[in-house]
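Reading through the structure tokens given below for one structure.
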Amino acid sequence: MHQEEYSTLGVVENGKLQMRGRALFEEAMRRFPNGPVIVEVKTTKPQRSHAQNRYWHGVVIPLFAEHCGYELAEMKDALALKLIPKEIANMDTGEVMTVPGHTADLNVQEFNDLIERAQRLGAEMDIYIPDPGEVAA
């Protein structure tokens with residue numbers, strides 16, 4: 001059985017890569033077919049926490065959806081478009097369009113900033129969005 005993809009964690013120290021699980025990496029390499037491969041090294045960033053994600057989906061989105069009369073999925077997209085817009089180019093025309101961003105792309109601090117923007121937007125719309133520590137999500 002051939003393997004097509006493998007990833008592992010590591011740390012770069014003084015310009016040298018220290019891989020975690022070196023023996024597992026070498027074992028995985030033996031399962032690859034002979035031939036060219038792509039080696040990619042990229043930095044990690046702390047992703048949003050599970051608690052932040054639960055709060056966003058369990059508190060923020062439902063409060064806005066109830067107020068606006070939207071379904072949860074519609075409200076999620078509307079909030080993402082308003083609060084974390086992302087610009088992309090239309091592949092056919094080159095026209096720049098604004099689309100909803102994704103919370104999965106945010107780190108912990110960026111997600112905290114998103115929550116603060118949602119609370120400010122809520123206040124403008126007379127929606128009270130409690131702080132994360134005030135409610136169980």
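As shown in the structure tokens, the chain order sets the letters A, B, ...; within each chain, residues go from 1, and ligands are also counted from 1 in the order they appear.
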For A:Ala28, please output as JSON, numbers by chain all residues within 12 Å (counting only C-alpha atoms; exclusion window: fewer than 6 positions along the same chain). {"A": [1, 2, 3, 4, 5, 6, 7, 8, 21, 22]}
Any chance you could export the current selection's all heavy atoms as a PDB file, in the first residue's frame?
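File written: selection_4.pdb
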```
ATOM      1  N   MET A   1       0.841  -1.184   0.000  1.00  0.00           N
ATOM      2  CA  MET A   1       0.000   0.000   0.000  1.00  0.00           C
ATOM      3  C   MET A   1       0.882   1.242   0.000  1.00  0.00           C
ATOM      4  O   MET A   1       1.788   1.375   0.798  1.00  0.00           O
ATOM      5  CB  MET A   1      -0.887  -0.018   1.249  1.00  0.00           C
ATOM      6  CG  MET A   1      -1.763   1.174   1.374  1.00  0.00           C
ATOM      7  SD  MET A   1      -2.966   0.859   2.675  1.00  0.00           S
ATOM      8  CE  MET A   1      -3.018   2.438   3.406  1.00  0.00           C
ATOM      9  N   HIS A   2       0.616   2.148  -0.936  1.00  0.00           N
ATOM     10  CA  HIS A   2       1.398   3.371  -1.045  1.00  0.00           C
ATOM     11  C   HIS A   2       0.740   4.508  -0.275  1.00  0.00           C
ATOM     12  O   HIS A   2      -0.471   4.613  -0.200  1.00  0.00           O
ATOM     13  CB  HIS A   2       1.558   3.798  -2.507  1.00  0.00           C
ATOM     14  CG  HIS A   2       2.472   2.906  -3.284  1.00  0.00           C
ATOM     15  ND1 HIS A   2       3.805   2.774  -2.989  1.00  0.00           N
ATOM     16  CD2 HIS A   2       2.237   2.109  -4.347  1.00  0.00           C
ATOM     17  CE1 HIS A   2       4.356   1.928  -3.838  1.00  0.00           C
ATOM     18  NE2 HIS A   2       3.425   1.505  -4.671  1.00  0.00           N
ATOM     19  N   GLN A   3       1.573   5.352   0.254  1.00  0.00           N
ATOM     20  CA  GLN A   3       1.106   6.548   0.949  1.00  0.00           C
ATOM     21  C   GLN A   3       1.270   7.728   0.004  1.00  0.00           C
ATOM     22  O   GLN A   3       2.215   7.780  -0.781  1.00  0.00           O
ATOM     23  CB  GLN A   3       1.929   6.756   2.228  1.00  0.00           C
ATOM     24  CG  GLN A   3       1.415   7.867   3.091  1.00  0.00           C
ATOM     25  CD  GLN A   3       1.828   7.681   4.539  1.00  0.00           C
ATOM     26  OE1 GLN A   3       2.222   6.589   4.945  1.00  0.00           O
ATOM     27  NE2 GLN A   3       1.730   8.732   5.305  1.00  0.00           N
ATOM     28  N   GLU A   4       0.338   8.694   0.067  1.00  0.00           N
ATOM     29  CA  GLU A   4       0.410   9.847  -0.825  1.00  0.00           C
ATOM     30  C   GLU A   4       0.725  11.134  -0.095  1.00  0.00           C
ATOM     31  O   GLU A   4       1.148  12.103  -0.714  1.00  0.00           O
ATOM     32  CB  GLU A   4      -0.916  10.002  -1.574  1.00  0.00           C
ATOM     33  CG  GLU A   4      -1.198   8.872  -2.540  1.00  0.00           C
ATOM     34  CD  GLU A   4      -2.489   9.078  -3.289  1.00  0.00           C
ATOM     35  OE1 GLU A   4      -3.013  10.195  -3.291  1.00  0.00           O
ATOM     36  OE2 GLU A   4      -2.973   8.100  -3.876  1.00  0.00           O
ATOM     37  N   GLU A   5       0.497  11.160   1.215  1.00  0.00           N
ATOM     38  CA  GLU A   5       0.683  12.397   1.954  1.00  0.00           C
ATOM     39  C   GLU A   5       1.068  12.083   3.388  1.00  0.00           C
ATOM     40  O   GLU A   5       0.621  11.095   3.961  1.00  0.00           O
ATOM     41  CB  GLU A   5      -0.647  13.172   1.943  1.00  0.00           C
ATOM     42  CG  GLU A   5      -0.574  14.560   2.488  1.00  0.00           C
ATOM     43  CD  GLU A   5      -1.896  15.285   2.288  1.00  0.00           C
ATOM     44  OE1 GLU A   5      -2.455  15.232   1.186  1.00  0.00           O
ATOM     45  OE2 GLU A   5      -2.349  15.905   3.261  1.00  0.00           O
ATOM     46  N   TYR A   6       1.893  12.928   3.965  1.00  0.00           N
ATOM     47  CA  TYR A   6       2.288  12.757   5.365  1.00  0.00           C
ATOM     48  C   TYR A   6       2.660  14.123   5.930  1.00  0.00           C
ATOM     49  O   TYR A   6       3.276  14.929   5.246  1.00  0.00           O
ATOM     50  CB  TYR A   6       3.496  11.814   5.489  1.00  0.00           C
ATOM     51  CG  TYR A   6       3.911  11.565   6.921  1.00  0.00           C
ATOM     52  CD1 TYR A   6       3.257  10.617   7.689  1.00  0.00           C
ATOM     53  CD2 TYR A   6       4.935  12.300   7.500  1.00  0.00           C
ATOM     54  CE1 TYR A   6       3.619  10.386   9.008  1.00  0.00           C
ATOM     55  CE2 TYR A   6       5.310  12.076   8.820  1.00  0.00           C
ATOM     56  CZ  TYR A   6       4.644  11.124   9.569  1.00  0.00           C
ATOM     57  OH  TYR A   6       5.001  10.906  10.865  1.00  0.00           O
ATOM     58  N   SER A   7       2.263  14.380   7.142  1.00  0.00           N
ATOM     59  CA  SER A   7       2.683  15.614   7.802  1.00  0.00           C
ATOM     60  C   SER A   7       3.001  15.307   9.255  1.00  0.00           C
ATOM     61  O   SER A   7       2.469  14.362   9.839  1.00  0.00           O
ATOM     62  CB  SER A   7       1.610  16.700   7.697  1.00  0.00           C
ATOM     63  OG  SER A   7       0.448  16.304   8.381  1.00  0.00           O
ATOM     64  N   THR A   8       3.879  16.099   9.811  1.00  0.00           N
ATOM     65  CA  THR A   8       4.273  15.946  11.204  1.00  0.00           C
ATOM     66  C   THR A   8       4.638  17.325  11.745  1.00  0.00           C
ATOM     67  O   THR A   8       4.797  18.268  10.972  1.00  0.00           O
ATOM     68  CB  THR A   8       5.461  14.969  11.352  1.00  0.00           C
ATOM     69  OG1 THR A   8       5.691  14.718  12.741  1.00  0.00           O
ATOM     70  CG2 THR A   8       6.727  15.502  10.717  1.00  0.00           C
ATOM     71  N   GLY A  21       8.720  12.764  16.363  1.00  0.00           N
ATOM     72  CA  GLY A  21       8.386  11.456  15.821  1.00  0.00           C
ATOM     73  C   GLY A  21       9.211  11.074  14.607  1.00  0.00           C
ATOM     74  O   GLY A  21       8.680  10.634  13.592  1.00  0.00           O
ATOM     75  N   ARG A  22      10.508  11.255  14.702  1.00  0.00           N
ATOM     76  CA  ARG A  22      11.401  10.978  13.565  1.00  0.00           C
ATOM     77  C   ARG A  22      11.258   9.540  13.060  1.00  0.00           C
ATOM     78  O   ARG A  22      11.224   9.297  11.854  1.00  0.00           O
ATOM     79  CB  ARG A  22      12.855  11.259  13.989  1.00  0.00           C
ATOM     80  CG  ARG A  22      13.890  11.019  12.929  1.00  0.00           C
ATOM     81  CD  ARG A  22      13.806  12.060  11.864  1.00  0.00           C
ATOM     82  NE  ARG A  22      14.734  11.778  10.794  1.00  0.00           N
ATOM     83  CZ  ARG A  22      15.058  12.624   9.871  1.00  0.00           C
ATOM     84  NH1 ARG A  22      14.550  13.827   9.886  1.00  0.00           N
ATOM     85  NH2 ARG A  22      15.886  12.296   8.925  1.00  0.00           N
TER      86      ARG A  22
END
```
Test item, strand (DSSP E) assignment across chain A, answer as a ChimeraX atom specification: /A:10-13,16-19,85-89,96-100
Proximity of stretch 82-103 of chain A to stretch 56-75 of chain A: per-residue shortest pair, 12 Å limit, only C-alpha atoms, as a tab-separated table:
```
residue	atom	partner	partner_atom	distance
A:Lys82	CA	A:Met75	CA	10.4
A:Leu83	CA	A:Met75	CA	11.7
A:Pro100	CA	A:Met75	CA	11.2
A:Thr103	CA	A:Trp56	CA	9.3
```
How about saving the chosen residues, C-alpha atoms kept, as a PDB file, in the first residue's frame?
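Output below, filename result01.pdb:
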```
ATOM      1  CA  LYS A  82     -19.845  42.030   7.753  1.00  0.00           C
ATOM      2  CA  LEU A  83     -17.159  41.322  10.361  1.00  0.00           C
ATOM      3  CA  PRO A 100     -17.406  36.044   3.917  1.00  0.00           C
ATOM      4  CA  THR A 103     -13.374  31.874  11.565  1.00  0.00           C
TER       5      THR A 103
END
```
To test your reading of the structure, identify every residue in chain A that backbone DSSP assigns to helix (DSSP H, G or I), and report it as a PyMOL selection string. chain A and resi 22-30+50-68+72-83+103-105+108-124+132-134
Could you please determine the separation between atom CA of A:Asn107 and atom CA of A:Gly10 in Å, to one decimal place?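 Atom CA of A:Asn107 sits 19.4 Å away from atom CA of A:Gly10.
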Which of A:Gly101, A:Val37, A:Met125, A:Phe111 sits closest to A:Tyr55 [using only C-alpha atoms]: A:Phe111
Using only C-alpha atoms, which residue out of A:Val135, A:Glu13, A:Leu81, A:Met97 lies closest to A:Arg54?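 Of all the options, A:Val135 lies closest to A:Arg54.
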Computed interatomic separation between atom CA of A:Glu110 and atom CA of A:Asn90 (Å):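 Answer for the atom CA of A:Glu110 to atom CA of A:Asn90 separation: 26.5 Å.
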Which neighbours of A:Leu121 fall inside 10 Å, counting only C-alpha atoms, when residues of the same chain fewer than 5 positions from it are skipped, and could you give them as a PyMOL selection string? chain A and resi 64+79+82-83+115-116+126-129
Please list as a list in words every residue within 7 Å of A:Val108, counting only C-alpha atoms and excluding residues in the same chain fewer than 4 positions away.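 Listing them by chain and then by number gives Pro46, Gln47, Arg48, Ser49 and Asn112 of chain A.
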For N, CA, C and O atoms, I'd like the residues from the last selection saved as a PDB file, in the first residue's frame.
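Just written: part_10.pdb:
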```pdb
ATOM      1  N   PRO A  46      -1.412  29.807  16.599  1.00  0.00           N
ATOM      2  CA  PRO A  46      -2.434  29.253  17.489  1.00  0.00           C
ATOM      3  C   PRO A  46      -3.831  29.527  16.921  1.00  0.00           C
ATOM      4  O   PRO A  46      -4.201  30.675  16.721  1.00  0.00           O
ATOM      5  N   GLN A  47      -4.542  28.476  16.577  1.00  0.00           N
ATOM      6  CA  GLN A  47      -5.890  28.615  16.041  1.00  0.00           C
ATOM      7  C   GLN A  47      -6.856  29.015  17.148  1.00  0.00           C
ATOM      8  O   GLN A  47      -6.569  28.868  18.322  1.00  0.00           O
ATOM      9  N   ARG A  48      -8.022  29.464  16.734  1.00  0.00           N
ATOM     10  CA  ARG A  48      -9.056  29.808  17.709  1.00  0.00           C
ATOM     11  C   ARG A  48      -9.302  28.605  18.611  1.00  0.00           C
ATOM     12  O   ARG A  48      -9.104  27.458  18.213  1.00  0.00           O
ATOM     13  N   SER A  49      -9.729  28.872  19.827  1.00  0.00           N
ATOM     14  CA  SER A  49      -9.944  27.779  20.768  1.00  0.00           C
ATOM     15  C   SER A  49     -11.314  27.136  20.536  1.00  0.00           C
ATOM     16  O   SER A  49     -12.203  27.736  19.931  1.00  0.00           O
ATOM     17  N   ASN A 112     -10.764  36.913  19.335  1.00  0.00           N
ATOM     18  CA  ASN A 112     -11.194  37.840  20.392  1.00  0.00           C
ATOM     19  C   ASN A 112     -11.602  39.177  19.789  1.00  0.00           C
ATOM     20  O   ASN A 112     -12.606  39.775  20.200  1.00  0.00           O
TER      21      ASN A 112
END
```
